[in-house]
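Beneath this line is the structure, given in structure tokens, with notes to follow.
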Amino acid sequence: MAVFYFCAGINHFWHPLDYVKIVPTFIPYHLMMVYISGVCEMICGVLLFIPSTRRIGAWLTIVLLIAVFPANLQMALNYYNENNPELWIVIVRLPVQILLILWAWLYTKNEKLN
């Protein structure tokens, strides 16, 4: 999980314009928000990697996943408005966010993972 989030954060810097497109319109400073969320993902990844900070990293990951959920909704709206044939993939991705939250939550509870 740590590597997953760290790499996802790096991707915000590697492909920022892909993320800018899905920042909801009510959020200002789209590019800055992409970079901030990328840094947050990398921090979560580092915290998840270190056993002594894994629990707080898991809680922060949960908060982050909830905070970026509007971007996933925006992506679905964008795909719908563009009649993108891959809309189904984005729709399937929405409940996957819940699975990612549950995965992180396991790290807040299970001593064997910490």
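Every chain in the structure tokens has a letter given in the order shown (A, B, ...), and although residue numbers restart at 1 in each chain, ligands are simply numbered from 1 in the order shown.
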
Hey, which bits of region 33-80 of chain A sit within 10 Å of region 12-28 of chain A, and for each residue what's the closest pair of atoms and how far apart in Å (one decimal), counting only C-alpha atoms, rows by chain and increasing number, as JSON lines?
```
{"residue": "A:Met33", "atom": "CA", "partner": "A:Pro28", "partner_atom": "CA", "distance": 7.9}
{"residue": "A:Val34", "atom": "CA", "partner": "A:His12", "partner_atom": "CA", "distance": 6.2}
{"residue": "A:Tyr35", "atom": "CA", "partner": "A:His12", "partner_atom": "CA", "distance": 6.2}
{"residue": "A:Ile36", "atom": "CA", "partner": "A:His12", "partner_atom": "CA", "distance": 9.0}
{"residue": "A:Ser37", "atom": "CA", "partner": "A:His12", "partner_atom": "CA", "distance": 7.7}
{"residue": "A:Gly38", "atom": "CA", "partner": "A:His12", "partner_atom": "CA", "distance": 5.1}
{"residue": "A:Val39", "atom": "CA", "partner": "A:His12", "partner_atom": "CA", "distance": 8.4}
{"residue": "A:Glu41", "atom": "CA", "partner": "A:His12", "partner_atom": "CA", "distance": 9.2}
{"residue": "A:Met42", "atom": "CA", "partner": "A:His12", "partner_atom": "CA", "distance": 9.9}
{"residue": "A:Val68", "atom": "CA", "partner": "A:Val23", "partner_atom": "CA", "distance": 8.7}
{"residue": "A:Pro70", "atom": "CA", "partner": "A:Pro24", "partner_atom": "CA", "distance": 6.7}
{"residue": "A:Ala71", "atom": "CA", "partner": "A:Val23", "partner_atom": "CA", "distance": 5.2}
{"residue": "A:Asn72", "atom": "CA", "partner": "A:Ile22", "partner_atom": "CA", "distance": 7.1}
{"residue": "A:Leu73", "atom": "CA", "partner": "A:Ile22", "partner_atom": "CA", "distance": 8.3}
{"residue": "A:Gln74", "atom": "CA", "partner": "A:Ile22", "partner_atom": "CA", "distance": 5.4}
{"residue": "A:Met75", "atom": "CA", "partner": "A:Ile22", "partner_atom": "CA", "distance": 5.1}
{"residue": "A:Ala76", "atom": "CA", "partner": "A:Ile22", "partner_atom": "CA", "distance": 8.8}
{"residue": "A:Leu77", "atom": "CA", "partner": "A:Ile22", "partner_atom": "CA", "distance": 9.1}
{"residue": "A:Asn78", "atom": "CA", "partner": "A:Ile22", "partner_atom": "CA", "distance": 7.6}
```

Write the residues of the selection above to a file with N, CA, C and O atoms, as a PDB file, in the first residue's frame.
```pdb
ATOM      1  N   MET A  33      -3.597  22.461  -6.573  1.00  0.00           N
ATOM      2  CA  MET A  33      -4.277  21.395  -5.841  1.00  0.00           C
ATOM      3  C   MET A  33      -3.797  20.014  -6.286  1.00  0.00           C
ATOM      4  O   MET A  33      -3.704  19.095  -5.470  1.00  0.00           O
ATOM      5  N   VAL A  34      -3.497  19.874  -7.567  1.00  0.00           N
ATOM      6  CA  VAL A  34      -2.948  18.609  -8.064  1.00  0.00           C
ATOM      7  C   VAL A  34      -1.606  18.337  -7.393  1.00  0.00           C
ATOM      8  O   VAL A  34      -1.347  17.225  -6.924  1.00  0.00           O
ATOM      9  N   TYR A  35      -0.761  19.353  -7.323  1.00  0.00           N
ATOM     10  CA  TYR A  35       0.542  19.172  -6.691  1.00  0.00           C
ATOM     11  C   TYR A  35       0.405  18.890  -5.190  1.00  0.00           C
ATOM     12  O   TYR A  35       1.095  18.030  -4.638  1.00  0.00           O
ATOM     13  N   ILE A  36      -0.498  19.612  -4.531  1.00  0.00           N
ATOM     14  CA  ILE A  36      -0.706  19.400  -3.096  1.00  0.00           C
ATOM     15  C   ILE A  36      -1.201  17.984  -2.834  1.00  0.00           C
ATOM     16  O   ILE A  36      -0.710  17.298  -1.928  1.00  0.00           O
ATOM     17  N   SER A  37      -2.167  17.528  -3.628  1.00  0.00           N
ATOM     18  CA  SER A  37      -2.674  16.167  -3.415  1.00  0.00           C
ATOM     19  C   SER A  37      -1.592  15.128  -3.729  1.00  0.00           C
ATOM     20  O   SER A  37      -1.532  14.086  -3.069  1.00  0.00           O
ATOM     21  N   GLY A  38      -0.734  15.420  -4.696  1.00  0.00           N
ATOM     22  CA  GLY A  38       0.379  14.517  -4.991  1.00  0.00           C
ATOM     23  C   GLY A  38       1.342  14.417  -3.824  1.00  0.00           C
ATOM     24  O   GLY A  38       1.776  13.321  -3.456  1.00  0.00           O
ATOM     25  N   VAL A  39       1.672  15.552  -3.229  1.00  0.00           N
ATOM     26  CA  VAL A  39       2.556  15.561  -2.059  1.00  0.00           C
ATOM     27  C   VAL A  39       1.897  14.800  -0.907  1.00  0.00           C
ATOM     28  O   VAL A  39       2.551  14.000  -0.223  1.00  0.00           O
ATOM     29  N   GLU A  41      -0.247  12.367  -1.108  1.00  0.00           N
ATOM     30  CA  GLU A  41      -0.179  10.934  -1.389  1.00  0.00           C
ATOM     31  C   GLU A  41       1.218  10.383  -1.104  1.00  0.00           C
ATOM     32  O   GLU A  41       1.356   9.289  -0.557  1.00  0.00           O
ATOM     33  N   MET A  42       2.235  11.138  -1.465  1.00  0.00           N
ATOM     34  CA  MET A  42       3.599  10.678  -1.196  1.00  0.00           C
ATOM     35  C   MET A  42       3.865  10.616   0.305  1.00  0.00           C
ATOM     36  O   MET A  42       4.486   9.663   0.797  1.00  0.00           O
ATOM     37  N   VAL A  68     -10.402  13.487  -2.045  1.00  0.00           N
ATOM     38  CA  VAL A  68     -10.266  13.484  -3.513  1.00  0.00           C
ATOM     39  C   VAL A  68     -11.448  12.822  -4.216  1.00  0.00           C
ATOM     40  O   VAL A  68     -11.495  12.801  -5.446  1.00  0.00           O
ATOM     41  N   PRO A  70     -14.455  13.893  -4.743  1.00  0.00           N
ATOM     42  CA  PRO A  70     -15.112  14.766  -5.718  1.00  0.00           C
ATOM     43  C   PRO A  70     -14.408  14.788  -7.085  1.00  0.00           C
ATOM     44  O   PRO A  70     -15.061  14.950  -8.115  1.00  0.00           O
ATOM     45  N   ALA A  71     -13.102  14.594  -7.112  1.00  0.00           N
ATOM     46  CA  ALA A  71     -12.386  14.530  -8.390  1.00  0.00           C
ATOM     47  C   ALA A  71     -12.805  13.289  -9.173  1.00  0.00           C
ATOM     48  O   ALA A  71     -12.928  13.336 -10.403  1.00  0.00           O
ATOM     49  N   ASN A  72     -13.034  12.189  -8.473  1.00  0.00           N
ATOM     50  CA  ASN A  72     -13.502  10.984  -9.154  1.00  0.00           C
ATOM     51  C   ASN A  72     -14.907  11.189  -9.720  1.00  0.00           C
ATOM     52  O   ASN A  72     -15.206  10.729 -10.820  1.00  0.00           O
ATOM     53  N   LEU A  73     -15.739  11.890  -8.968  1.00  0.00           N
ATOM     54  CA  LEU A  73     -17.072  12.225  -9.484  1.00  0.00           C
ATOM     55  C   LEU A  73     -16.971  13.149 -10.696  1.00  0.00           C
ATOM     56  O   LEU A  73     -17.690  12.969 -11.683  1.00  0.00           O
ATOM     57  N   GLN A  74     -16.075  14.129 -10.617  1.00  0.00           N
ATOM     58  CA  GLN A  74     -15.885  15.049 -11.742  1.00  0.00           C
ATOM     59  C   GLN A  74     -15.414  14.293 -12.979  1.00  0.00           C
ATOM     60  O   GLN A  74     -15.842  14.586 -14.093  1.00  0.00           O
ATOM     61  N   MET A  75     -14.529  13.331 -12.790  1.00  0.00           N
ATOM     62  CA  MET A  75     -14.057  12.538 -13.918  1.00  0.00           C
ATOM     63  C   MET A  75     -15.226  11.797 -14.562  1.00  0.00           C
ATOM     64  O   MET A  75     -15.346  11.751 -15.784  1.00  0.00           O
ATOM     65  N   ALA A  76     -16.104  11.228 -13.742  1.00  0.00           N
ATOM     66  CA  ALA A  76     -17.270  10.522 -14.273  1.00  0.00           C
ATOM     67  C   ALA A  76     -18.172  11.488 -15.047  1.00  0.00           C
ATOM     68  O   ALA A  76     -18.662  11.147 -16.138  1.00  0.00           O
ATOM     69  N   LEU A  77     -18.373  12.674 -14.511  1.00  0.00           N
ATOM     70  CA  LEU A  77     -19.185  13.675 -15.219  1.00  0.00           C
ATOM     71  C   LEU A  77     -18.535  14.079 -16.536  1.00  0.00           C
ATOM     72  O   LEU A  77     -19.227  14.232 -17.556  1.00  0.00           O
ATOM     73  N   ASN A  78     -17.221  14.267 -16.507  1.00  0.00           N
ATOM     74  CA  ASN A  78     -16.511  14.623 -17.738  1.00  0.00           C
ATOM     75  C   ASN A  78     -16.685  13.543 -18.799  1.00  0.00           C
ATOM     76  O   ASN A  78     -16.978  13.841 -19.961  1.00  0.00           O
TER      77      ASN A  78
END
```

- Message: Applying 9 Å and only C-alpha atoms, which residues near region 97-99 of chain A remain after dropping the ones on its own chain fewer than 2 positions away? List them as a PyMOL selection string.
- Response: chain A and resi 65-66+69+72+93-95+101-104

- Item | Pick from A:Trp88, A:Arg54, A:Asn83, A:Cys40, whichever lies nearest to Ala67 (chain A) using only C-alpha atoms |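 Selected residue with least distance to Ala67 (chain A): A:Cys40.
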
- Where in region 6-113 of chain A does DSSP assign helix (DSSP H, G or I), given as number ranges by chain? A: 6-14, 16-20, 30-49, 51-81, 87-109
